[in-house]
Structure formats: structure tokens, C-alpha cells
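J.: My structure file start-v1.csv, CSV, C-alpha atoms and all ligand atoms, is below:
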chain,number,residue,atom,x,y,z
A,21,MET,CA,0.0,0.0,0.0
A,22,SER,CA,1.3,3.5,-0.8
A,23,PHE,CA,1.9,6.1,1.8
A,24,THR,CA,-0.9,8.7,2.3
A,25,ARG,CA,-0.7,12.0,4.1
A,26,TYR,CA,-3.7,14.1,5.1
A,27,GLY,CA,-3.6,17.6,6.6
A,28,SER,CA,-7.1,17.4,8.1
A,29,VAL,CA,-9.2,15.0,10.1
A,30,ALA,CA,-12.2,14.2,7.8
A,31,PRO,CA,-10.3,12.4,5.0
A,32,ALA,CA,-8.3,10.5,7.5
A,33,GLU,CA,-11.5,9.3,9.2
A,34,GLU,CA,-12.9,8.2,5.8
A,35,TRP,CA,-9.6,6.4,4.9
A,36,CYS,CA,-9.7,4.4,8.2
A,37,ARG,CA,-13.4,3.5,7.8
A,38,ALA,CA,-12.6,2.2,4.3
A,39,ALA,CA,-9.7,0.1,5.5
A,40,LEU,CA,-11.9,-1.4,8.3
A,41,GLU,CA,-14.7,-2.1,5.8
A,42,GLU,CA,-12.1,-4.1,3.8
A,43,GLY,CA,-11.6,-6.2,6.9
A,44,LYS,CA,-8.2,-4.9,7.6
A,45,THR,CA,-6.7,-4.8,11.1
A,46,LEU,CA,-5.7,-1.2,11.9
A,47,GLY,CA,-2.8,-0.3,14.1
A,48,PHE,CA,-2.7,3.3,15.4
A,49,VAL,CA,0.2,5.3,16.9
A,50,PRO,CA,-0.8,8.8,18.2
A,51,THR,CA,2.1,11.2,18.4
A,52,MET,CA,2.9,14.9,18.7
A,53,GLY,CA,5.5,14.7,15.9
A,54,ALA,CA,9.2,15.6,16.0
A,55,LEU,CA,9.6,11.9,15.6
A,56,HIS,CA,12.5,9.9,17.0
A,57,GLU,CA,13.5,6.3,17.4
A,58,GLY,CA,11.0,5.8,20.3
A,59,HIS,CA,8.1,6.7,18.0
A,60,ILE,CA,9.5,4.7,15.1
A,61,ALA,CA,9.7,1.6,17.3
A,62,LEU,CA,6.0,1.9,18.0
A,63,VAL,CA,5.3,2.3,14.3
A,64,GLU,CA,7.4,-0.8,13.4
A,65,ARG,CA,5.6,-2.9,16.0
A,66,SER,CA,2.3,-1.9,14.5
A,67,VAL,CA,3.5,-2.6,11.0
A,68,GLU,CA,4.5,-6.1,12.2
A,69,GLU,CA,1.2,-6.8,13.9
A,70,CYS,CA,-1.5,-5.1,11.8
A,71,ASP,CA,-2.6,-4.9,8.2
A,72,VAL,CA,-2.4,-1.1,8.1
A,73,THR,CA,-0.7,1.4,10.3
A,74,VAL,CA,-2.0,5.0,11.0
A,75,VAL,CA,0.0,7.7,12.7
A,76,SER,CA,-1.5,11.0,13.9
A,77,VAL,CA,0.9,14.0,14.3
A,78,PHE,CA,-0.9,16.5,16.4
A,79,VAL,CA,0.6,18.9,19.0
A,80,ASN,CA,-2.5,18.8,21.3
A,81,PRO,CA,-2.9,22.3,22.9
A,82,LEU,CA,-5.3,20.7,25.5
A,83,GLN,CA,-2.5,18.9,27.2
A,84,PHE,CA,-0.1,21.8,27.6
A,85,ASP,CA,-0.4,23.7,30.9
A,86,ASP,CA,2.4,26.1,29.8
A,87,PRO,CA,1.8,28.2,26.6
A,88,GLY,CA,5.6,28.7,26.2
A,89,ASP,CA,6.1,25.0,26.2
A,90,LEU,CA,3.4,24.6,23.5
A,91,GLU,CA,5.0,27.3,21.4
A,92,ARG,CA,8.5,25.9,21.6
A,93,TYR,CA,7.5,22.3,21.1
A,94,PRO,CA,9.6,21.1,18.1
A,95,ARG,CA,7.7,20.5,14.8
A,96,ASP,CA,8.9,19.1,11.5
A,97,GLU,CA,6.1,17.4,9.6
A,98,ASP,CA,8.0,16.9,6.4
A,99,SER,CA,10.8,15.1,8.1
A,100,ASP,CA,8.2,13.1,10.1
A,101,ALA,CA,6.5,12.1,6.9
A,102,ARG,CA,9.7,10.8,5.4
A,103,ALA,CA,10.5,8.7,8.5
A,104,LEU,CA,7.0,7.3,8.7
A,105,GLU,CA,7.0,6.3,5.0
A,106,GLU,CA,10.3,4.5,5.5
A,107,ALA,CA,9.0,2.7,8.6
A,108,GLY,CA,6.1,1.3,6.6
A,109,CYS,CA,3.3,3.6,7.9
A,110,ASP,CA,0.3,3.7,5.5
A,111,LEU,CA,-1.5,6.9,6.7
A,112,MET,CA,-0.2,10.0,8.5
A,113,PHE,CA,-2.6,12.7,9.4
A,114,THR,CA,-2.9,15.9,11.4
A,115,GLY,CA,-5.7,18.3,12.1
A,116,THR,CA,-6.7,21.3,14.2
A,117,LEU,CA,-8.7,21.4,17.5
A,118,PRO,CA,-11.8,22.7,15.7
A,119,GLU,CA,-11.6,19.9,13.2
A,120,PHE,CA,-11.3,17.3,15.9
A,121,PHE,CA,-14.2,18.8,17.9
A,122,PRO,CA,-16.4,20.5,15.3
A,123,ARG,CA,-19.5,20.9,17.5
A,124,SER,CA,-17.8,21.6,20.8
A,125,PHE,CA,-16.4,25.1,20.5
A,126,ASP,CA,-18.2,28.1,22.1
A,127,GLU,CA,-18.3,31.6,20.6
A,128,MET,CA,-15.1,32.5,22.5
A,129,GLY,CA,-13.3,29.7,20.6
A,130,SER,CA,-12.9,27.5,23.7
A,131,LEU,CA,-13.6,23.9,23.9
A,132,GLU,CA,-16.8,23.4,25.9
A,133,PRO,CA,-16.3,21.7,29.3
A,134,GLY,CA,-18.8,18.9,28.2
A,135,ALA,CA,-16.4,17.8,25.5
A,136,LEU,CA,-13.7,17.0,28.1
A,137,VAL,CA,-13.0,13.4,29.0
A,138,SER,CA,-12.2,12.4,32.6
A,139,PRO,CA,-8.7,10.7,32.8
A,140,GLY,CA,-9.8,8.6,35.9
A,141,PRO,CA,-7.9,8.0,39.1
A,142,ALA,CA,-4.5,7.4,37.6
A,143,ALA,CA,-4.3,11.2,36.8
A,144,GLU,CA,-3.8,11.9,40.5
A,145,GLY,CA,-0.4,12.7,41.8
A,146,LEU,CA,3.1,13.1,40.1
A,147,GLU,CA,2.5,14.3,36.5
A,148,GLY,CA,-1.1,15.1,37.3
A,149,ALA,CA,-0.1,17.2,40.3
A,150,SER,CA,2.7,19.0,38.5
A,151,ARG,CA,0.8,19.7,35.3
A,152,SER,CA,-2.6,21.0,35.9
A,153,GLY,CA,-5.2,19.8,33.4
A,154,HIS,CA,-2.6,17.8,31.4
A,155,PHE,CA,-4.2,14.4,31.7
A,156,VAL,CA,-7.7,15.7,31.0
A,157,GLY,CA,-6.2,17.0,27.8
A,158,VAL,CA,-4.6,13.7,27.1
A,159,ALA,CA,-7.8,11.7,27.8
A,160,THR,CA,-9.9,14.0,25.7
A,161,ILE,CA,-7.7,13.8,22.6
A,162,VAL,CA,-7.0,10.1,22.9
A,163,HIS,CA,-10.7,9.4,23.2
A,164,ARG,CA,-11.4,11.5,20.2
A,165,LEU,CA,-8.6,10.0,18.2
A,166,PHE,CA,-9.9,6.5,19.0
A,167,GLU,CA,-13.3,7.7,17.6
A,168,VAL,CA,-11.8,9.1,14.4
A,169,VAL,CA,-9.5,6.1,13.7
A,170,SER,CA,-11.4,3.2,15.3
A,171,PRO,CA,-8.1,1.2,15.7
A,172,THR,CA,-7.9,-2.5,16.3
A,173,ARG,CA,-4.7,-1.9,18.3
A,174,ALA,CA,-3.2,1.3,19.6
A,175,TYR,CA,0.5,1.6,20.5
A,176,PHE,CA,1.9,3.8,23.3
A,177,GLY,CA,5.3,4.1,25.0
A,178,ARG,CA,6.1,3.0,28.6
A,179,LYS,CA,8.2,6.2,28.7
A,180,ASP,CA,5.0,8.1,29.6
A,181,TYR,CA,4.0,5.6,32.4
A,182,GLN,CA,1.2,7.5,34.0
A,183,GLN,CA,-0.2,8.5,30.6
A,184,SER,CA,-0.2,4.8,29.7
A,185,LEU,CA,-2.5,4.1,32.7
A,186,ILE,CA,-4.9,6.8,31.5
A,187,VAL,CA,-4.9,5.6,27.9
A,188,LYS,CA,-5.8,2.0,29.2
A,189,GLU,CA,-8.6,3.4,31.2
A,190,VAL,CA,-10.0,5.4,28.2
A,191,ALA,CA,-9.8,2.2,26.0
A,192,ALA,CA,-11.3,0.0,28.7
A,193,ARG,CA,-14.3,2.4,29.1
A,194,ARG,CA,-14.9,2.3,25.3
A,195,GLY,CA,-14.2,-1.5,25.1
A,196,SER,CA,-11.6,-0.9,22.4
A,197,PRO,CA,-8.9,-0.8,21.1
A,198,LEU,CA,-6.4,-3.3,22.5
A,199,VAL,CA,-3.6,-1.1,24.0
A,200,VAL,CA,0.0,-2.2,23.5
A,201,ILE,CA,2.5,-0.5,25.8
A,202,CYS,CA,6.0,-0.7,24.3
A,203,PRO,CA,9.4,-0.4,26.0
A,204,THR,CA,11.2,2.9,26.4
A,205,VAL,CA,13.8,3.5,23.6
A,206,ARG,CA,17.0,5.0,25.0
A,207,THR,CA,20.3,6.4,23.6
A,208,ALA,CA,23.3,4.1,24.0
A,209,GLU,CA,24.1,6.1,27.2
A,210,GLY,CA,20.7,5.5,28.7
A,211,LEU,CA,18.8,8.8,28.1
A,212,ALA,CA,15.2,8.1,27.2
A,213,ARG,CA,14.5,9.4,23.7
A,214,SER,CA,12.2,12.4,23.7
A,215,SER,CA,11.2,15.1,21.2
A,216,ARG,CA,12.3,17.6,23.9
A,217,ASN,CA,15.9,16.3,23.9
A,218,GLU,CA,16.3,18.3,20.7
A,219,ARG,CA,16.5,21.4,22.8
A,220,LEU,CA,19.3,20.1,25.1
A,221,SER,CA,22.9,21.2,24.5
A,222,GLU,CA,25.7,18.5,24.6
A,223,ALA,CA,26.4,19.4,28.3
A,224,GLU,CA,22.8,19.3,29.2
A,225,ARG,CA,22.4,15.9,27.6
A,226,THR,CA,25.2,14.6,29.8
A,227,ASP,CA,23.5,16.2,32.9
A,228,ALA,CA,20.2,14.5,31.9
A,229,LEU,CA,21.8,11.1,32.2
A,230,ALA,CA,21.4,11.5,35.9
A,231,LEU,CA,17.7,10.5,35.5
A,232,SER,CA,18.3,7.1,33.9
A,233,GLU,CA,21.3,6.5,36.2
A,234,ALA,CA,19.2,7.1,39.3
A,235,LEU,CA,16.5,4.7,37.9
A,236,ALA,CA,19.2,2.1,37.2
A,237,ALA,CA,20.6,2.4,40.8
A,238,CYS,CA,17.1,2.0,42.2
A,239,ASP,CA,16.6,-1.1,40.0
A,240,ALA,CA,19.9,-2.6,41.2
A,241,LEU,CA,18.8,-2.1,44.8
A,242,TRP,CA,15.5,-3.9,44.0
A,243,ARG,CA,17.4,-6.7,42.3
A,244,GLU,CA,19.5,-7.1,45.5
A,245,GLY,CA,16.3,-7.7,47.4
A,246,GLU,CA,15.3,-4.2,48.8
A,247,ARG,CA,11.5,-4.0,49.0
A,248,ASP,CA,11.0,-1.1,51.4
A,249,ALA,CA,9.2,1.8,49.7
A,250,GLU,CA,11.0,4.5,51.6
A,251,ALA,CA,14.4,3.0,51.1
A,252,LEU,CA,13.8,2.7,47.3
A,253,SER,CA,12.4,6.2,47.1
A,254,ARG,CA,15.5,7.6,48.9
A,255,ALA,CA,17.8,5.7,46.7
A,256,LEU,CA,16.1,7.3,43.7
A,257,SER,CA,15.9,10.8,44.9
A,258,ARG,CA,19.3,11.3,46.7
A,259,PRO,CA,21.5,11.2,43.6
A,260,LEU,CA,19.1,13.4,41.7
A,261,GLU,CA,19.0,16.0,44.4
A,262,ALA,CA,22.8,16.2,44.2
A,263,ALA,CA,23.1,16.0,40.4
A,264,PRO,CA,24.6,19.0,38.7
A,265,GLY,CA,22.3,20.8,36.2
A,266,VAL,CA,19.2,18.9,37.4
A,267,GLN,CA,16.3,20.6,39.1
A,268,LEU,CA,14.3,17.7,40.5
A,269,ASP,CA,10.5,17.9,40.3
A,270,TYR,CA,9.8,14.5,41.8
A,271,ALA,CA,11.4,11.1,42.3
A,272,ALA,CA,8.9,8.6,43.6
A,273,VAL,CA,8.0,4.9,43.7
A,274,ARG,CA,4.5,3.5,43.1
A,275,ASP,CA,3.0,0.0,43.2
A,276,ALA,CA,3.1,-1.1,39.5
A,277,GLU,CA,-0.2,-2.9,39.9
A,278,ARG,CA,-2.3,-0.2,41.5
A,279,TRP,CA,-1.8,3.5,41.1
A,280,THR,CA,-2.0,5.7,44.2
A,281,SER,CA,-1.6,9.5,44.4
A,282,GLU,CA,0.3,9.1,47.8
A,283,ASP,CA,3.7,7.6,48.3
A,284,PRO,CA,3.5,4.0,49.4
A,285,SER,CA,5.1,2.8,52.6
A,286,GLY,CA,6.5,-0.5,53.8
A,287,PRO,CA,7.3,-3.5,51.7
A,288,MET,CA,6.3,-3.5,48.0
A,289,GLY,CA,5.3,-6.5,45.8
A,290,SER,CA,5.8,-4.7,42.5
A,291,CYS,CA,7.3,-1.3,41.9
A,292,VAL,CA,7.7,1.4,39.3
A,293,ALA,CA,10.2,4.2,39.9
A,294,LEU,CA,9.3,7.5,38.3
A,295,VAL,CA,11.3,10.8,37.9
A,296,ALA,CA,10.7,14.3,36.5
A,297,ALA,CA,13.3,17.0,36.4
A,298,ARG,CA,14.1,20.2,34.6
A,299,VAL,CA,17.4,20.1,32.7
A,300,GLY,CA,18.4,23.3,31.0
A,301,PRO,CA,15.3,24.6,29.0
A,302,VAL,CA,13.2,21.4,29.2
A,303,ARG,CA,11.3,19.2,31.7
A,304,LEU,CA,12.1,15.5,31.3
A,305,ILE,CA,10.4,12.4,32.6
A,306,ASP,CA,11.5,8.8,32.8
A,307,ASN,CA,10.6,5.6,34.7
A,308,LEU,CA,11.5,2.0,35.2
A,309,VAL,CA,9.4,-1.0,36.4
A,310,LEU,CA,11.9,-2.4,38.8
A,311,GLY,CA,13.2,-5.9,38.2
A,312,GLU,CA,11.3,-6.2,34.9
A,313,GLY,CA,13.6,-4.6,32.4
A,314,GLU,CA,12.0,-3.2,29.3
A,315,ALA,CA,9.0,-5.6,29.0
A,316,CYS,CA,6.1,-5.0,26.6
A,317,GLU,CA,2.5,-5.0,27.9
A,318,ILE,CA,-0.8,-5.7,26.1
A,319,SER,CA,-4.0,-4.6,27.9
A,320,LEU,CA,-7.7,-4.9,27.4
A,321,GLY,CA,-8.7,-3.5,30.7
A,322,ALA,CA,-7.7,-0.6,32.9
A,323,GLY,CA,-4.7,-1.3,35.1
A,324,SER,CA,-4.1,-4.9,33.9
A,325,ARG,CA,-0.5,-5.9,33.3
A,326,ALA,CA,0.7,-8.8,31.2
A,401,LIG,P1,4.7,12.1,22.1
A,401,LIG,O1,4.9,12.4,20.6
A,401,LIG,O2,5.7,12.5,23.0
A,401,LIG,O3,3.3,12.4,22.5
A,401,LIG,O4,4.7,10.5,22.1
A,401,LIG,C1,3.9,9.7,21.3
A,401,LIG,C2,4.1,8.3,21.8
A,401,LIG,O5,5.4,7.8,21.7
A,401,LIG,C3,3.6,8.1,23.2
A,401,LIG,O6,2.9,6.9,23.4
A,401,LIG,C4,4.9,8.0,24.0
A,401,LIG,O7,4.9,7.3,25.2
A,401,LIG,C5,5.8,7.3,22.9
A,401,LIG,N1,7.2,7.6,23.2
A,401,LIG,C6,7.8,8.8,23.4
A,401,LIG,N2,9.1,8.6,23.6
A,401,LIG,C7,9.4,7.3,23.7
A,401,LIG,C8,10.5,6.5,23.9
A,401,LIG,N3,11.7,7.0,24.2
A,401,LIG,N4,10.4,5.1,23.8
A,401,LIG,C9,9.2,4.6,23.5
A,401,LIG,N5,8.0,5.3,23.3
A,401,LIG,C10,8.1,6.6,23.4
The structure given in the file should be rewritten as C-alpha cells.
T.:
Amino acid sequence: MSFTRYGSVAPAEEWCRAALEEGKTLGFVPTMGALHEGHIALVERSVEECDVTVVSVFVNPLQFDDPGDLERYPRDEDSDARALEEAGCDLMFTGTLPEFFPRSFDEMGSLEPGALVSPGPAAEGLEGASRSGHFVGVATIVHRLFEVVSPTRAYFGRKDYQQSLIVKEVAARRGSPLVVICPTVRTAEGLARSSRNERLSEAERTDALALSEALAACDALWREGERDAEALSRALSRPLEAAPGVQLDYAAVRDAERWTSEDPSGPMGSCVALVAARVGPVRLIDNLVLGEGEACEISLGAGSRA
């Protein structure tokens, strides 16, 4: 199948409907563009598993709490299109907020509150606490994208751990699609790939390695048998508090099976370590499910892990 690119929502919706009517399985990878190897890994997995692969490239204003961050978010759609075609993607599309939500804008040009989708309990704490309204924006656009594309399977990255819980909740409520959470792709040094890394200098990239190094140290402690939540959390936050060029936002552990907004205490059965920090001009996040390595997860219901 040849590569198709649409600059608006309606023809993309039509294209997806036609593919489904032909009985094809449809893999979907939602992105905000400035594509890197992390995104491409999701696309390649979809190409492997599905008859057709659709990628959205949309910098969703609803999920930005900082207008400056939205404005400076890197964009390069032509280069994205070349990378997607090479990876075997069949359809790339973008759109505008009014195209995604044609009947939901008031006279002031704002999205009506009724159009917003609840992100559920996993939005509480950490990213949800640091970025007001972020996960409502994520849940709203993901829900709408699922309506537009009607994917069989949707591919997301473990890199955005808390987001992956919210996406699974949105999919579980709708009864589809099957959500596939893929491992975090990193540089050889360990830095999690991110579109925001483009804005780091060489020196800041080196400083940013403190995040993955702290996660690796916490993972090593877990593998040695440490299960105490406070001890694991301390092992994660201490090196980051001391790291040059790193302004720590949070370093926390959570039960990997059950999200809580509060820090857990006592012994843990399963554990995900999560960090967020400002390095130079950008805010970076990373996480690791301790003892698990970079496993893949397929989910039909909210919160289930495979
Ligand atoms: P974004 O364009 O940042 O909204 O990301 C689009 C999708 O790519 C999300 O599901 C992210 O979790 C995923 N993603 C971003 N960075 C990585 C990475 N380094 N490895 C794997 N997936 C990623």
C-alpha cells in the first residue's frame, strides 16, 4: 500500500473507515511529531502486527499547561512524513482542534467543558499534580482519536508511564482498542528518547543522564532484594538532588499494579520508579518498572499488566 498523508481529520476518518470495511486490522500510533526512534519503534511494532498502520501527528494544545512549552514544542512534519513512510506507515494525518471537535467550540473559541473526558484516578499525583489539566487534555484527545481512527490496536510508550494508565482506562471504558505499551527506547548512554531532547545542549544531555542512572541504581537495589518503599524512594531521589544541572521535580515509587496518588510505605510487591526534572530549558520524565527490564505489555482493561 502506498503512503498517504492528510492535513485534516475528515479524509483520515474516511480512509480508516474504508480500511476497516475491507476487513483490515488497523494499528494506530498517536504522536505529537518531531519523531525519533522511540516513536518509530511503536510504528514498526504496529506494521509487524497489523494490516495497516495509521499515525497521527498533532501537538495537542489541550494537554499543555504552559503556553511557552506549547509554542516551543519542536515541529517538523515533512521530516516526520519521510521517517514514517520509510518505517512502513500507511497513513499519516494531522488536524486542528476545531476539526477534531467541530461541534464543541463556544463563541469564544474555547472547547466546551462537556467535551472534556475524565482521565480517571491514575491522573492523581506526580505528573497530574505537576501539570494542571494535562491528563484531562490527554484523555480528551486520545478518546477523540480513537473515535476518528477506530483502531484495532493502539501503540503507546512506557516512557510516559502515568499516561499509559490513563490511555488504558479510556480504552477500557470504550471497550476498544487493544492497547499495547511498548518499551522505552534510549540512547546508548541510557537517556530516554524524547522530542524535547532536541532542545538540550551537549552538556545538558550529559546532565540529563542522571535521571536514567538514578533509575538504574534503584533497579539494582530492587534486584539485590530491597523492597521497602521509603528506602527505594530515597535511593532514587538522593543522587538526583545532588546531580549538577538537574532541578528535581519528583522522584517517587509506586505499586506497579495499583496507582495511588500518595507515596506507598512498607514492603512492595511490585514497583515502578518515576522521575521528572528540569534540565536546561526542558522538563524531562523517565521511569522503570523495577526488576522487569523493558517488557512489553498488552492490555484490554484498565490497570491490567501482562
Ligand atoms: P509524544 O509524541 O511525545 O506524545 O509520544 C507519542 C508516543 O510515543 C507516546 O505513546 C509516547 O509514550 C511514545 N514515546 C515517546 N518517547 C518514547 C521512547 N523513548 N520510547 C518509547 N516510546 C516513546
J.: Which residue out of A:Thr207, A:Ser99, A:Ser281, A:Thr226 has the minimum interatomic distance to ligand LIG 401 (chain A) when only C-alpha atoms and all ligand atoms are used?
T.: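 Among the listed residues, the smallest separation from ligand LIG 401 (chain A) belongs to A:Thr207.
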J.: Set the cut-off to 7 Å, count all atoms listed in the file, and list whatever residues fall near ligand LIG 401 (chain A) as a PyMOL selection string.
T.: chain A and resi 49-53+55+58-59+61-62+175-180+202-206+212-215
J.: Which residues are near range 149-151 of chain A? Cut-off 12 Å, only C-alpha atoms, ignore same chain within fewer than 3 positions. Put them as a list of chain:residue names.
T.: A:Leu82, A:Gln83, A:Phe84, A:Asp85, A:Asp86, A:Asp89, A:Ala142, A:Ala143, A:Glu144, A:Gly145, A:Leu146, A:His154, A:Phe155, A:Val156, A:Gly157, A:Val158, A:Gln182, A:Leu268, A:Asp269, A:Tyr270, A:Ser281, A:Glu282, A:Val295, A:Ala296, A:Ala297, A:Arg303, A:Ile305
J.: Pick the closest to Val169 in chain A from A:Val292, A:Ala234, A:Cys36, A:Cys70: which is it, counting all atoms listed in the file?
T.: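 So, comparing all the options, the nearest one is A:Cys36.
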J.: Have a look at CA of Phe78 in chain A and CA of Arg225 in chain A and let me know their distance in Å, one decimal.
T.: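 Atom-to-atom, CA of Phe78 in chain A to CA of Arg225 in chain A, that is 25.9 Å.
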J.: Can you pull out every residue within 9 Å of Arg25 in chain A, counting all atoms listed in the file, but drop anything in the same chain fewer than 6 positions away, and send it as an MDAnalysis selection string?
T.: chainID A and resid 32 101 110:114
J.: Between A:Ala293, A:Met128, A:Leu252, A:Ala30, which one has atoms that come closest to Glu167 in chain A, using all atoms listed in the file?
T.: A:Ala30
J.: For Val299 in chain A, which residue among A:Ser319, A:Ser196, A:Asn217, A:Gln183 is the nearest when counting only C-alpha atoms?
T.: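 Selected residue with least distance to Val299 in chain A: A:Asn217.
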J.: Scan for residues within 10 Å of the point (19.7, 5.4, 39.3) in the coordinates of the file, using all atoms listed in the file, and reply as a ChimeraX atom specification.
T.: /A:229-241,255-260,293,308
J.: Just give me the gap between CA of Arg123 in chain A and CA of Gly27 in chain A in Å, one decimal is fine.
T.: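 Atom-to-atom, CA of Arg123 in chain A to CA of Gly27 in chain A, that is 19.6 Å.
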J.: Is it possible to add N, CA, C and O atoms to range 225-239 of chain A and hand it back as a PDB file, keeping the file's coordinate frame?
T.:
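And here is the file that came out, selection-v1.pdb:
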ATOM      1  N   ARG A 225      22.683  17.295  27.831  1.00  0.00           N
ATOM      2  CA  ARG A 225      22.400  15.900  27.600  1.00  0.00           C
ATOM      3  C   ARG A 225      23.165  14.998  28.575  1.00  0.00           C
ATOM      4  O   ARG A 225      22.644  13.986  29.060  1.00  0.00           O
ATOM      5  N   THR A 226      24.395  15.398  28.868  1.00  0.00           N
ATOM      6  CA  THR A 226      25.200  14.600  29.800  1.00  0.00           C
ATOM      7  C   THR A 226      24.567  14.778  31.227  1.00  0.00           C
ATOM      8  O   THR A 226      24.410  13.785  31.943  1.00  0.00           O
ATOM      9  N   ASP A 227      24.164  16.002  31.595  1.00  0.00           N
ATOM     10  CA  ASP A 227      23.500  16.200  32.900  1.00  0.00           C
ATOM     11  C   ASP A 227      22.227  15.333  32.989  1.00  0.00           C
ATOM     12  O   ASP A 227      21.929  14.763  34.041  1.00  0.00           O
ATOM     13  N   ALA A 228      21.514  15.243  31.865  1.00  0.00           N
ATOM     14  CA  ALA A 228      20.200  14.500  31.900  1.00  0.00           C
ATOM     15  C   ALA A 228      20.389  13.029  32.103  1.00  0.00           C
ATOM     16  O   ALA A 228      19.426  12.353  32.500  1.00  0.00           O
ATOM     17  N   LEU A 229      21.611  12.504  31.914  1.00  0.00           N
ATOM     18  CA  LEU A 229      21.800  11.100  32.200  1.00  0.00           C
ATOM     19  C   LEU A 229      21.614  10.710  33.623  1.00  0.00           C
ATOM     20  O   LEU A 229      21.383   9.553  33.959  1.00  0.00           O
ATOM     21  N   ALA A 230      21.653  11.724  34.497  1.00  0.00           N
ATOM     22  CA  ALA A 230      21.400  11.500  35.900  1.00  0.00           C
ATOM     23  C   ALA A 230      20.056  10.799  36.153  1.00  0.00           C
ATOM     24  O   ALA A 230      19.903   9.998  37.088  1.00  0.00           O
ATOM     25  N   LEU A 231      19.076  11.091  35.312  1.00  0.00           N
ATOM     26  CA  LEU A 231      17.700  10.500  35.500  1.00  0.00           C
ATOM     27  C   LEU A 231      17.771   8.989  35.323  1.00  0.00           C
ATOM     28  O   LEU A 231      17.336   8.234  36.195  1.00  0.00           O
ATOM     29  N   SER A 232      18.306   8.545  34.171  1.00  0.00           N
ATOM     30  CA  SER A 232      18.300   7.100  33.900  1.00  0.00           C
ATOM     31  C   SER A 232      19.297   6.397  34.858  1.00  0.00           C
ATOM     32  O   SER A 232      19.075   5.244  35.250  1.00  0.00           O
ATOM     33  N   GLU A 233      20.369   7.106  35.260  1.00  0.00           N
ATOM     34  CA  GLU A 233      21.300   6.500  36.200  1.00  0.00           C
ATOM     35  C   GLU A 233      20.675   6.274  37.564  1.00  0.00           C
ATOM     36  O   GLU A 233      20.880   5.241  38.194  1.00  0.00           O
ATOM     37  N   ALA A 234      19.866   7.240  38.005  1.00  0.00           N
ATOM     38  CA  ALA A 234      19.200   7.100  39.300  1.00  0.00           C
ATOM     39  C   ALA A 234      18.172   5.918  39.228  1.00  0.00           C
ATOM     40  O   ALA A 234      18.038   5.136  40.178  1.00  0.00           O
ATOM     41  N   LEU A 235      17.490   5.803  38.104  1.00  0.00           N
ATOM     42  CA  LEU A 235      16.500   4.700  37.900  1.00  0.00           C
ATOM     43  C   LEU A 235      17.282   3.355  37.958  1.00  0.00           C
ATOM     44  O   LEU A 235      16.826   2.382  38.574  1.00  0.00           O
ATOM     45  N   ALA A 236      18.440   3.321  37.279  1.00  0.00           N
ATOM     46  CA  ALA A 236      19.200   2.100  37.200  1.00  0.00           C
ATOM     47  C   ALA A 236      19.732   1.700  38.619  1.00  0.00           C
ATOM     48  O   ALA A 236      19.731   0.522  38.988  1.00  0.00           O
ATOM     49  N   ALA A 237      20.124   2.720  39.413  1.00  0.00           N
ATOM     50  CA  ALA A 237      20.600   2.400  40.800  1.00  0.00           C
ATOM     51  C   ALA A 237      19.487   1.882  41.635  1.00  0.00           C
ATOM     52  O   ALA A 237      19.676   0.942  42.416  1.00  0.00           O
ATOM     53  N   CYS A 238      18.303   2.449  41.468  1.00  0.00           N
ATOM     54  CA  CYS A 238      17.100   2.000  42.200  1.00  0.00           C
ATOM     55  C   CYS A 238      16.780   0.546  41.810  1.00  0.00           C
ATOM     56  O   CYS A 238      16.473  -0.305  42.650  1.00  0.00           O
ATOM     57  N   ASP A 239      16.886   0.285  40.523  1.00  0.00           N
ATOM     58  CA  ASP A 239      16.600  -1.100  40.000  1.00  0.00           C
ATOM     59  C   ASP A 239      17.616  -2.070  40.556  1.00  0.00           C
ATOM     60  O   ASP A 239      17.238  -3.191  40.921  1.00  0.00           O
TER      61      ASP A 239
END
